[in-house]
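Inspection log for the structure reproduced underneath, given as structure tokens.
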Amino acid sequence: MVLQQIFSEKNIILNLTSEDKDELFEEMIQNIVDNNPAVNRAEALDALLDREKKMSTGILPQIAVPHCVLNGINGVYGALGISKKGINFDSLDGNPVNYVFMFIFGEDSSEIHLKALKELAEILQNRNFLPEMAKVKSCAEVLELLKL
């Protein structure tokens, strides 16, 4: 249950206010930094934007998984955001995203990096996941859906 170690109620944003990718990164990184002062906001933003230049992390319909590796931190930090109206993300399918799983991995976290992405992929393969996410009203409900 790696995702439940990364995401907590304080790292879940039920009503993202962002309308585009740049605003989204700012909003979600701010959440991570507010809850984890060890993360340098500017460095995290630069690392995420650099990773995004290689290829959009809007990889599935309605889903984006922006992630990066950041030198100087240990472990992994994350935020999960939900947008009911959708966010222009330059996703691979060209459509807005509604669910964003952001990860900032420390350079020493390759094992948890792989476990987190594998666990997320397994959850996203469940055809009931997105319909259930569309109904959540609390952070606790989101965390319950992340259980395998």
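We name chains A, B, ... following the order of the structure tokens; residues begin at 1 in each chain, and ligands are numbered from 1 as shown.
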How close does segment 59-136 of chain A get to segment 22-40 of chain A? List, as a tab-separated table, each residue of segment 59-136 of chain A within 9 Å, its nearest atom pair and the distance in Å to one decimal, counting only C-alpha atoms.
```
residue	atom	partner	partner_atom	distance
A:Pro66	CA	A:Phe25	CA	8.6
A:Leu70	CA	A:Val39	CA	8.8
A:Gly72	CA	A:Val39	CA	8.7
A:Ile73	CA	A:Val39	CA	6.9
A:Asn74	CA	A:Ala38	CA	9.0
A:Tyr77	CA	A:Ile32	CA	6.9
A:Gly78	CA	A:Ile32	CA	6.4
A:Ala79	CA	A:Ile32	CA	6.2
A:Leu80	CA	A:Met28	CA	7.9
A:Gly81	CA	A:Met28	CA	7.4
A:Ile87	CA	A:Leu24	CA	7.9
A:Phe89	CA	A:Asp22	CA	8.5
A:Met102	CA	A:Met28	CA	7.6
A:Ile104	CA	A:Val39	CA	8.8
```
Point to revise | Filtered DSSP result for chain A, state alpha helix (DSSP H), as a ChimeraX atom specification | key: /A:2-6,21-35,41-54,110-124,129-133,139-145
Review point. From the list A:Gly75, A:Leu143, A:His67, A:Gly58, which residue is nearest Asp108 of chain A when using only C-alpha atoms?
Key: A:Gly75
Point to revise | From A:Ile112, A:Cys139, A:Leu145, A:Ile82, residue lying nearest Asn126 of chain A [only C-alpha atoms] | key: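 Closest to Asn126 of chain A of all the choices is A:Leu145.
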Point to revise | Among listed residues A:Leu48, A:Val142, A:Ile63, A:Ile123, nearest Gly94 of chain A (using only C-alpha atoms) | key: A:Ile63
Point to revise | d(atom CA of Phe105 of chain A, atom CA of Cys68 of chain A) in Å | key: 6.1 Å
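Take the candidates A:Tyr99, A:Ala42, A:Glu107, A:Gln4 and check each one against Glu132 of chain A using only C-alpha atoms; the shortest distance goes to A:Tyr99.
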Review point. Taking only C-alpha atoms into account, which of A:Asn98, A:Asn71, A:Ser91, A:Phe7 comes nearest Met55 of chain A?
Key: A:Ser91
Review point. With only C-alpha atoms as the atoms that count, which of A:Leu92, A:Val69, A:Val97, A:Ile12 lies nearest to Ser109 of chain A?
Key: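 Closest to Ser109 of chain A, using only C-alpha atoms: A:Val69.
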Practice item. In Å, rounded to a single decimal, give me how far atom CA of Glu144 of chain A is from atom CA of Lys10 of chain A. Key: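 According to the coordinates, atom CA of Lys10 of chain A and atom CA of Glu144 of chain A are separated by 14.6 Å.
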Review point. Taking the backbone alone, and naming residues the way the document does, which bits of segment 30-84 of chain A are strand (DSSP E) by DSSP, as a list in words?
Key: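 Taking segment 30-84 of chain A and keeping strand (DSSP E) gives Gln62, Ile63, Ala64, His67, Cys68, Val69, Leu70, Val76, Tyr77, Gly78, Ala79, Leu80, Gly81, Ile82, Ser83 and Lys84 of chain A.
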Can you spit out the residues from that selection as a CSV table (one decimal), in the first residue's frame, using all heavy atoms?
```
chain,number,residue,atom,x,y,z
A,62,GLN,N,-8.4,11.4,-18.8
A,62,GLN,CA,-8.8,12.1,-17.5
A,62,GLN,C,-7.7,12.0,-16.5
A,62,GLN,O,-7.8,12.6,-15.4
A,62,GLN,CB,-10.0,11.5,-16.9
A,62,GLN,CG,-11.3,11.6,-17.7
A,62,GLN,CD,-12.5,11.1,-17.0
A,62,GLN,OE1,-12.6,11.1,-15.8
A,62,GLN,NE2,-13.5,10.7,-17.7
A,63,ILE,N,-6.5,11.3,-16.7
A,63,ILE,CA,-5.5,11.1,-15.7
A,63,ILE,C,-4.2,11.7,-16.1
A,63,ILE,O,-3.7,11.6,-17.3
A,63,ILE,CB,-5.3,9.6,-15.5
A,63,ILE,CG1,-6.5,8.8,-15.2
A,63,ILE,CG2,-4.2,9.3,-14.5
A,63,ILE,CD1,-7.1,9.0,-13.8
A,64,ALA,N,-3.6,12.4,-15.2
A,64,ALA,CA,-2.2,12.9,-15.4
A,64,ALA,C,-1.4,12.4,-14.2
A,64,ALA,O,-1.8,12.4,-13.0
A,64,ALA,CB,-2.1,14.4,-15.5
A,67,HIS,N,5.5,13.7,-12.5
A,67,HIS,CA,6.5,13.2,-11.5
A,67,HIS,C,7.9,13.6,-11.9
A,67,HIS,O,8.2,13.9,-13.1
A,67,HIS,CB,6.4,11.7,-11.4
A,67,HIS,CG,6.7,11.0,-12.8
A,67,HIS,ND1,5.7,10.9,-13.7
A,67,HIS,CD2,7.8,10.4,-13.2
A,67,HIS,CE1,6.2,10.3,-14.8
A,67,HIS,NE2,7.5,9.9,-14.5
A,68,CYS,N,8.8,13.6,-10.9
A,68,CYS,CA,10.2,14.0,-11.2
A,68,CYS,C,11.0,13.4,-10.1
A,68,CYS,O,10.5,12.9,-9.0
A,68,CYS,CB,10.4,15.5,-11.2
A,68,CYS,SG,10.1,16.3,-9.7
A,69,VAL,N,12.3,13.4,-10.3
A,69,VAL,CA,13.3,13.0,-9.3
A,69,VAL,C,14.0,14.3,-8.9
A,69,VAL,O,14.4,15.1,-9.8
A,69,VAL,CB,14.3,12.0,-9.9
A,69,VAL,CG1,15.4,11.7,-8.8
A,69,VAL,CG2,13.6,10.7,-10.2
A,70,LEU,N,14.1,14.5,-7.6
A,70,LEU,CA,14.7,15.8,-7.1
A,70,LEU,C,15.9,15.5,-6.2
A,70,LEU,O,15.8,14.7,-5.3
A,70,LEU,CB,13.6,16.5,-6.3
A,70,LEU,CG,13.9,18.0,-5.9
A,70,LEU,CD1,14.2,18.8,-7.1
A,70,LEU,CD2,12.8,18.5,-5.1
A,76,VAL,N,9.8,10.1,-0.8
A,76,VAL,CA,8.9,10.5,-1.9
A,76,VAL,C,7.8,11.4,-1.3
A,76,VAL,O,7.4,11.2,-0.1
A,76,VAL,CB,8.3,9.3,-2.6
A,76,VAL,CG1,7.5,8.4,-1.6
A,76,VAL,CG2,7.4,9.7,-3.7
A,77,TYR,N,7.4,12.4,-2.0
A,77,TYR,CA,6.3,13.3,-1.6
A,77,TYR,C,5.3,13.3,-2.7
A,77,TYR,O,5.6,13.2,-3.9
A,77,TYR,CB,6.9,14.7,-1.4
A,77,TYR,CG,8.0,14.7,-0.3
A,77,TYR,CD1,9.3,14.6,-0.7
A,77,TYR,CD2,7.6,14.8,1.0
A,77,TYR,CE1,10.3,14.6,0.3
A,77,TYR,CE2,8.6,14.8,2.0
A,77,TYR,CZ,9.9,14.7,1.6
A,77,TYR,OH,10.9,14.7,2.6
A,78,GLY,N,4.1,13.5,-2.4
A,78,GLY,CA,3.0,13.6,-3.4
A,78,GLY,C,1.8,14.4,-3.0
A,78,GLY,O,1.6,14.8,-1.9
A,79,ALA,N,1.0,14.6,-4.1
A,79,ALA,CA,-0.3,15.3,-3.9
A,79,ALA,C,-1.2,14.7,-4.9
A,79,ALA,O,-0.8,14.3,-6.0
A,79,ALA,CB,-0.2,16.8,-4.1
A,80,LEU,N,-2.5,14.6,-4.6
A,80,LEU,CA,-3.5,14.0,-5.4
A,80,LEU,C,-4.5,15.1,-5.6
A,80,LEU,O,-5.0,15.6,-4.6
A,80,LEU,CB,-4.0,12.8,-4.8
A,80,LEU,CG,-4.9,11.9,-5.7
A,80,LEU,CD1,-5.0,10.5,-5.0
A,80,LEU,CD2,-6.3,12.4,-5.9
A,81,GLY,N,-4.9,15.5,-6.8
A,81,GLY,CA,-5.8,16.5,-7.0
A,81,GLY,C,-7.0,16.1,-7.9
A,81,GLY,O,-6.8,15.2,-8.8
A,82,ILE,N,-8.1,16.6,-7.7
A,82,ILE,CA,-9.3,16.3,-8.4
A,82,ILE,C,-9.9,17.6,-8.9
A,82,ILE,O,-10.1,18.6,-8.2
A,82,ILE,CB,-10.4,15.6,-7.6
A,82,ILE,CG1,-9.8,14.3,-7.0
A,82,ILE,CG2,-11.7,15.3,-8.3
A,82,ILE,CD1,-10.7,13.5,-6.0
A,83,SER,N,-10.3,17.6,-10.2
A,83,SER,CA,-10.9,18.8,-10.8
A,83,SER,C,-12.2,18.3,-11.5
A,83,SER,O,-12.2,17.5,-12.4
A,83,SER,CB,-10.0,19.4,-11.9
A,83,SER,OG,-10.7,20.4,-12.6
A,84,LYS,N,-13.3,18.8,-11.0
A,84,LYS,CA,-14.6,18.4,-11.6
A,84,LYS,C,-14.8,18.9,-13.0
A,84,LYS,O,-15.3,18.2,-13.9
A,84,LYS,CB,-15.8,18.9,-10.7
A,84,LYS,CG,-15.8,18.3,-9.3
A,84,LYS,CD,-16.0,16.8,-9.3
A,84,LYS,CE,-16.1,16.4,-7.8
A,84,LYS,NZ,-16.1,15.0,-7.6
```
Review point. How many Å lie between atom CA of Met1 of chain A and atom CA of Ala121 of chain A, rounded to one decimal?
Key: 12.9 Å
Give me the residues near Asn88 of chain A as a compact mmCIF listing (two decimals) with all heavy atoms, in the first residue's frame, where near means some atom within 7 Å (using only C-alpha atoms) and where sequence neighbours in that chain fewer than 3 positions away do not count.
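The result, stored in result29.txt:
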```txt
# COMPACT_ATOMS: atom_id res chain seq x y z
N GLU A 19 -6.82 25.98 -14.02
CA GLU A 19 -7.46 25.80 -15.33
C GLU A 19 -6.49 25.27 -16.38
O GLU A 19 -6.92 24.79 -17.42
CB GLU A 19 -8.09 27.11 -15.79
CG GLU A 19 -9.23 27.53 -14.87
CD GLU A 19 -9.94 28.77 -15.36
OE1 GLU A 19 -9.70 29.22 -16.49
OE2 GLU A 19 -10.76 29.29 -14.59
N ASP A 20 -5.17 25.40 -16.12
CA ASP A 20 -4.20 24.87 -17.07
C ASP A 20 -3.04 24.22 -16.32
O ASP A 20 -2.96 24.28 -15.10
CB ASP A 20 -3.71 25.95 -18.04
CG ASP A 20 -2.96 27.09 -17.37
OD1 ASP A 20 -2.24 26.87 -16.38
OD2 ASP A 20 -3.09 28.24 -17.85
N LYS A 21 -2.16 23.60 -17.08
CA LYS A 21 -1.06 22.82 -16.50
C LYS A 21 -0.15 23.66 -15.61
O LYS A 21 0.23 23.23 -14.52
CB LYS A 21 -0.25 22.17 -17.60
CG LYS A 21 0.80 21.22 -17.09
CD LYS A 21 1.78 20.73 -18.14
CE LYS A 21 1.14 20.11 -19.32
NZ LYS A 21 2.14 19.46 -20.22
N PRO A 96 -9.01 17.34 -21.50
CA PRO A 96 -8.66 17.80 -20.15
C PRO A 96 -8.47 16.61 -19.19
O PRO A 96 -8.98 15.52 -19.43
CB PRO A 96 -9.87 18.63 -19.72
CG PRO A 96 -10.63 18.92 -20.96
CD PRO A 96 -10.33 17.81 -21.92
N VAL A 97 -7.75 16.87 -18.11
CA VAL A 97 -7.59 15.85 -17.07
C VAL A 97 -8.41 16.25 -15.85
O VAL A 97 -8.63 17.44 -15.59
CB VAL A 97 -6.11 15.62 -16.68
CG1 VAL A 97 -5.30 15.13 -17.86
CG2 VAL A 97 -5.49 16.85 -16.08
```
